[in-house]
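> This is target12.csv, which holds CSV, C-alpha atoms:
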```csv
chain,number,residue,atom,x,y,z
A,15,MET,CA,-145.0,-5.6,-14.1
A,16,HIS,CA,-143.3,-6.6,-10.9
A,17,ILE,CA,-144.5,-9.0,-8.2
A,18,THR,CA,-146.2,-7.2,-5.3
A,19,ILE,CA,-145.2,-7.7,-1.7
A,20,GLU,CA,-148.6,-9.3,-1.0
A,21,ASN,CA,-148.0,-11.8,-3.8
A,22,ALA,CA,-144.5,-12.5,-2.7
A,23,ALA,CA,-145.9,-13.3,0.8
A,24,LYS,CA,-148.4,-15.7,-0.7
A,25,ALA,CA,-145.7,-17.5,-2.6
A,26,ILE,CA,-143.5,-17.8,0.5
A,27,GLU,CA,-146.4,-19.0,2.6
A,28,GLN,CA,-147.2,-21.8,0.1
A,29,ALA,CA,-143.6,-22.7,-0.2
A,30,ILE,CA,-143.2,-23.0,3.6
A,31,ALA,CA,-146.4,-25.1,3.8
A,32,LYS,CA,-144.9,-27.5,1.2
A,33,ALA,CA,-141.5,-27.6,3.0
A,34,ARG,CA,-143.2,-28.5,6.2
A,35,GLU,CA,-145.3,-31.2,4.4
A,36,ILE,CA,-142.2,-32.9,3.2
A,37,ASP,CA,-140.4,-32.3,6.5
A,38,THR,CA,-137.5,-30.1,5.4
A,39,PHE,CA,-136.1,-26.6,6.2
A,40,MET,CA,-135.7,-24.1,3.4
A,41,CYS,CA,-134.5,-20.7,2.5
A,42,ILE,CA,-137.0,-19.1,0.1
A,43,ALA,CA,-136.2,-16.0,-2.0
A,44,ILE,CA,-138.6,-14.0,-4.2
A,45,VAL,CA,-137.2,-11.5,-6.7
A,46,ASP,CA,-139.1,-9.1,-8.9
A,47,SER,CA,-139.0,-9.0,-12.7
A,48,GLY,CA,-135.8,-6.9,-12.5
A,49,ALA,CA,-134.1,-9.6,-10.4
A,50,ASP,CA,-134.2,-7.4,-7.2
A,51,LEU,CA,-134.9,-9.2,-3.9
A,52,LYS,CA,-138.6,-8.6,-3.0
A,53,ALA,CA,-139.0,-11.0,0.0
A,54,PHE,CA,-137.0,-13.6,1.8
A,55,HIS,CA,-137.7,-16.2,4.5
A,56,ARG,CA,-135.3,-18.6,6.2
A,57,MET,CA,-137.1,-21.3,8.1
A,58,ASP,CA,-135.7,-22.1,11.5
A,59,ASP,CA,-132.9,-24.6,11.2
A,60,ALA,CA,-132.4,-24.0,7.5
A,61,TRP,CA,-128.7,-23.9,6.5
A,62,VAL,CA,-127.0,-20.5,6.4
A,63,GLY,CA,-125.3,-21.5,3.2
A,64,SER,CA,-128.7,-21.9,1.5
A,65,ILE,CA,-129.4,-18.1,1.9
A,66,ASP,CA,-127.1,-17.1,-1.0
A,67,ILE,CA,-128.1,-20.1,-3.1
A,68,ALA,CA,-131.8,-19.4,-2.8
A,69,ILE,CA,-131.3,-15.8,-3.9
A,70,LYS,CA,-129.1,-16.7,-6.8
A,71,LYS,CA,-131.5,-19.4,-8.0
A,72,ALA,CA,-134.3,-16.8,-8.1
A,73,LYS,CA,-132.1,-14.3,-9.9
A,74,THR,CA,-131.0,-17.0,-12.4
A,75,ALA,CA,-134.6,-18.0,-13.2
A,76,VAL,CA,-135.7,-14.4,-13.8
A,77,PHE,CA,-132.6,-13.5,-15.8
A,78,PHE,CA,-133.2,-16.2,-18.3
A,79,GLY,CA,-137.0,-16.9,-17.9
A,80,MET,CA,-136.6,-20.6,-17.3
A,81,PRO,CA,-136.2,-23.0,-14.5
A,82,THR,CA,-132.6,-23.2,-13.2
A,83,GLY,CA,-132.5,-26.9,-13.8
A,84,GLU,CA,-133.1,-26.3,-17.5
A,85,ILE,CA,-130.2,-23.9,-17.6
A,86,GLY,CA,-128.2,-26.6,-16.0
A,87,LYS,CA,-128.9,-29.0,-18.8
A,88,LEU,CA,-127.8,-26.3,-21.3
A,89,SER,CA,-124.6,-25.4,-19.4
A,90,GLN,CA,-122.9,-28.8,-19.4
A,91,PRO,CA,-119.6,-29.3,-21.3
A,92,GLY,CA,-120.3,-29.3,-25.0
A,93,LYS,CA,-123.7,-27.6,-24.6
A,94,PRO,CA,-124.5,-24.0,-25.8
A,95,LEU,CA,-124.4,-22.3,-22.4
A,96,TYR,CA,-121.3,-24.0,-21.0
A,97,GLY,CA,-119.7,-21.7,-18.5
A,98,ILE,CA,-122.7,-19.4,-18.0
A,99,GLU,CA,-122.7,-19.9,-14.3
A,100,HIS,CA,-119.7,-17.6,-14.1
A,101,SER,CA,-121.7,-14.6,-15.5
A,102,ASN,CA,-123.9,-12.1,-13.6
A,103,GLN,CA,-121.8,-12.4,-10.3
A,104,GLY,CA,-122.6,-16.1,-10.2
A,105,LEU,CA,-125.6,-18.1,-11.3
A,106,ILE,CA,-127.0,-21.4,-10.0
A,107,THR,CA,-127.7,-24.0,-12.6
A,108,PHE,CA,-129.4,-26.8,-10.7
A,109,PRO,CA,-133.1,-27.1,-9.8
A,110,GLY,CA,-134.8,-25.0,-7.2
A,111,GLY,CA,-135.3,-21.7,-9.1
A,112,LEU,CA,-138.4,-20.9,-11.2
A,113,PRO,CA,-139.9,-17.9,-12.9
A,114,ILE,CA,-143.2,-16.7,-11.6
A,115,VAL,CA,-145.7,-16.2,-14.4
A,116,ASP,CA,-149.1,-14.5,-13.8
A,117,LYS,CA,-152.4,-15.5,-15.3
A,118,ASP,CA,-151.7,-13.3,-18.3
A,119,GLY,CA,-148.5,-15.1,-19.1
A,120,VAL,CA,-146.3,-12.3,-17.9
A,121,MET,CA,-143.2,-13.1,-15.8
A,122,ILE,CA,-143.5,-11.0,-12.7
A,123,GLY,CA,-140.6,-12.4,-10.8
A,124,ALA,CA,-139.1,-15.6,-9.7
A,125,ILE,CA,-138.7,-17.9,-6.7
A,126,GLY,CA,-135.5,-19.6,-5.5
A,127,VAL,CA,-135.4,-22.3,-2.9
A,128,SER,CA,-132.5,-24.0,-1.2
A,129,GLY,CA,-132.0,-26.3,1.8
A,130,SER,CA,-132.6,-29.9,0.8
A,131,SER,CA,-132.1,-32.1,-2.2
A,132,VAL,CA,-132.5,-30.4,-5.6
A,133,GLU,CA,-135.7,-32.5,-6.1
A,134,ASN,CA,-137.2,-31.1,-2.8
A,135,ASP,CA,-136.0,-27.6,-3.7
A,136,HIS,CA,-137.8,-27.8,-7.0
A,137,THR,CA,-141.0,-29.2,-5.3
A,138,VAL,CA,-141.1,-26.4,-2.8
A,139,ALA,CA,-140.3,-23.7,-5.5
A,140,THR,CA,-143.2,-25.2,-7.6
A,141,ALA,CA,-145.6,-24.8,-4.7
A,142,GLY,CA,-144.6,-21.2,-4.3
A,143,ALA,CA,-144.8,-20.3,-8.0
A,144,GLN,CA,-148.2,-22.0,-8.3
A,145,ALA,CA,-149.6,-19.9,-5.5
A,146,LEU,CA,-149.5,-17.1,-8.0
A,147,GLY,CA,-150.0,-18.8,-11.4
A,148,THR,CA,-147.4,-20.9,-13.0
A,149,TRP,CA,-143.7,-21.0,-13.8
A,150,GLU,CA,-144.1,-21.9,-17.4
A,151,LEU,CA,-143.4,-19.3,-20.1
A,152,PRO,CA,-144.1,-19.4,-23.8
A,153,ALA,CA,-141.5,-21.2,-26.0
A,154,HIS,CA,-138.1,-19.7,-26.4
A,155,PRO,CA,-135.5,-20.5,-29.1
A,156,TRP,CA,-132.9,-21.8,-26.6
A,157,ARG,CA,-135.3,-24.5,-25.3
A,158,THR,CA,-135.2,-27.8,-27.1
```
Please lay out the structure from this file as structure tokens.

Amino acid sequence: MHITIENAAKAIEQAIAKAREIDTFMCIAIVDSGADLKAFHRMDDAWVGSIDIAIKKAKTAVFFGMPTGEIGKLSQPGKPLYGIEHSNQGLITFPGGLPIVDKDGVMIGAIGVSGSSVENDHTVATAGAQALGTWELPAHPWRT
């Protein structure tokens, strides 16, 4: 199942509210479960360079069904996914991308946020994902 445009709008709305609460400007991307862009919002004064990063964070999260920060931990030198960021026309392996999982535990898409520190990006992405359910998926063999 894919995320609906109505749900994508809810996620963006909650992400914008959180960004305003922490006084930052963000680019927010929502992709469906096939990693195709469903919705996008660039807040006034958000960096232009964050557009591509937000979209790639969302795609990375849906491609692998995990937060981008977790992929980052696995992609360090000597780790099992070292070099993965060079695949799929470029991945982002630092925080700010999360799967979006509905109440039935099905990944329906992902959110990617960029425009501030990675901690703020993750906080804003979490608010967007939680507007629709959660970002946590059942255990996967790659997760340790």
> Please identify every residue of range 33-96 of chain A that has at least one atom no farther than 8 Å from an atom of range 113-132 of chain A, counting only C-alpha atoms, and for each give the shortest atom pair and the distance in Å to one decimal, arranged by chain then increasing number, as a Markdown table.

```
| residue | atom | partner | partner_atom | distance |
| --- | --- | --- | --- | --- |
| A:Thr38 | CA | A:Ser130 | CA | 6.7 |
| A:Phe39 | CA | A:Gly129 | CA | 6.0 |
| A:Met40 | CA | A:Gly129 | CA | 4.6 |
| A:Cys41 | CA | A:Ser128 | CA | 5.3 |
| A:Ile42 | CA | A:Val127 | CA | 4.7 |
| A:Ala43 | CA | A:Gly126 | CA | 5.1 |
| A:Ile44 | CA | A:Ile125 | CA | 4.6 |
| A:Val45 | CA | A:Gly123 | CA | 5.4 |
| A:Asp46 | CA | A:Gly123 | CA | 4.1 |
| A:Ser47 | CA | A:Gly123 | CA | 4.2 |
| A:Gly48 | CA | A:Gly123 | CA | 7.5 |
| A:Ala49 | CA | A:Gly123 | CA | 7.1 |
| A:Ala60 | CA | A:Gly129 | CA | 6.2 |
| A:Trp61 | CA | A:Gly129 | CA | 6.2 |
| A:Ser64 | CA | A:Ser128 | CA | 5.1 |
| A:Ile65 | CA | A:Ser128 | CA | 7.4 |
| A:Ile67 | CA | A:Ser128 | CA | 6.2 |
| A:Ala68 | CA | A:Gly126 | CA | 4.6 |
| A:Ile69 | CA | A:Gly126 | CA | 5.9 |
| A:Lys70 | CA | A:Gly126 | CA | 7.1 |
| A:Lys71 | CA | A:Gly126 | CA | 4.7 |
| A:Ala72 | CA | A:Gly126 | CA | 4.0 |
| A:Lys73 | CA | A:Ala124 | CA | 7.1 |
| A:Ala75 | CA | A:Pro113 | CA | 5.3 |
| A:Val76 | CA | A:Ala124 | CA | 5.5 |
| A:Gly79 | CA | A:Pro113 | CA | 5.9 |
| A:Met80 | CA | A:Pro113 | CA | 6.1 |
| A:Pro81 | CA | A:Pro113 | CA | 6.5 |
```
> Could you write out that same residue set with C-alpha atoms as a CSV table (one decimal), in the coordinates of the input?

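Output (again_29.csv):
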```csv
chain,number,residue,atom,x,y,z
A,38,THR,CA,-137.5,-30.1,5.4
A,39,PHE,CA,-136.1,-26.6,6.2
A,40,MET,CA,-135.7,-24.1,3.4
A,41,CYS,CA,-134.5,-20.7,2.5
A,42,ILE,CA,-137.0,-19.1,0.1
A,43,ALA,CA,-136.2,-16.0,-2.0
A,44,ILE,CA,-138.6,-14.0,-4.2
A,45,VAL,CA,-137.2,-11.5,-6.7
A,46,ASP,CA,-139.1,-9.1,-8.9
A,47,SER,CA,-139.0,-9.0,-12.7
A,48,GLY,CA,-135.8,-6.9,-12.5
A,49,ALA,CA,-134.1,-9.6,-10.4
A,60,ALA,CA,-132.4,-24.0,7.5
A,61,TRP,CA,-128.7,-23.9,6.5
A,64,SER,CA,-128.7,-21.9,1.5
A,65,ILE,CA,-129.4,-18.1,1.9
A,67,ILE,CA,-128.1,-20.1,-3.1
A,68,ALA,CA,-131.8,-19.4,-2.8
A,69,ILE,CA,-131.3,-15.8,-3.9
A,70,LYS,CA,-129.1,-16.7,-6.8
A,71,LYS,CA,-131.5,-19.4,-8.0
A,72,ALA,CA,-134.3,-16.8,-8.1
A,73,LYS,CA,-132.1,-14.3,-9.9
A,75,ALA,CA,-134.6,-18.0,-13.2
A,76,VAL,CA,-135.7,-14.4,-13.8
A,79,GLY,CA,-137.0,-16.9,-17.9
A,80,MET,CA,-136.6,-20.6,-17.3
A,81,PRO,CA,-136.2,-23.0,-14.5
```
> I need the residue nearest Lys52 in chain A from this list: A:Ile26, A:Ala143, A:Ile19, A:Ile36. Use all atoms listed in the file for the distance.
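Among A:Ile26, A:Ala143, A:Ile19, A:Ile36, it is A:Ile19 that comes nearest to Lys52 in chain A.
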> Measure the distance from CA of Gly86 in chain A to CA of Phe108 in chain A in Å and round it to one decimal.
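Computed distance, CA of Gly86 in chain A to CA of Phe108 in chain A, equals 5.4 Å.
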> Could you state the separation of CA of Gly104 in chain A and CA of Ala29 in chain A in Å, given to one decimal place?
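Straight-line distance from CA of Gly104 in chain A to CA of Ala29 in chain A works out to 24.2 Å.
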> Which residue out of A:Pro109, A:Gly97, A:Ile30, A:Ile17 has the minimum interatomic distance to Asp58 in chain A when all atoms listed in the file are used?
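Closest residue, counting all atoms listed in the file: A:Ile30.
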> Near range 89-94 of chain A, within 9 Å and counting all atoms listed in the file, which residues show up once chain neighbours fewer than 4 positions away are dropped, as a short mmCIF file (atom, residue, chain, number, x, y, z; two decimals) with C-alpha atoms, keeping the file's coordinate frame?

```cif
data_model
loop_
_atom_site.label_atom_id
_atom_site.label_comp_id
_atom_site.auth_asym_id
_atom_site.auth_seq_id
_atom_site.Cartn_x
_atom_site.Cartn_y
_atom_site.Cartn_z
CA GLU A 84 -133.10 -26.30 -17.50
CA ILE A 85 -130.20 -23.90 -17.60
CA ILE A 98 -122.70 -19.40 -18.00
CA GLU A 99 -122.70 -19.90 -14.30
CA THR A 107 -127.70 -24.00 -12.60
CA TRP A 156 -132.90 -21.80 -26.60
#
```
> Taking only C-alpha atoms into account, which of A:Leu95, A:Val138, A:Phe77, A:Thr18 comes nearest Arg34 in chain A?
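Selected residue with least distance to Arg34 in chain A: A:Val138.
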> Measure the distance from CA of His55 in chain A to CA of Met15 in chain A in Å and round it to one decimal.
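For CA of His55 in chain A relative to CA of Met15 in chain A, the distance reads 22.6 Å.
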> With distances taken over all atoms listed in the file, which residue among A:His100, A:His136, A:Asp37, A:Ile106 lies nearest Lys87 in chain A?
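Checking each candidate against Lys87 in chain A, we get A:Ile106 as the closest.
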> Please determine, counting all atoms listed in the file, which residue among A:Thr82, A:Ala23, A:Lys32, A:His16 has the shortest atom-to-atom distance to Asp50 in chain A.
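Smallest separation from Asp50 in chain A among the options: A:His16.
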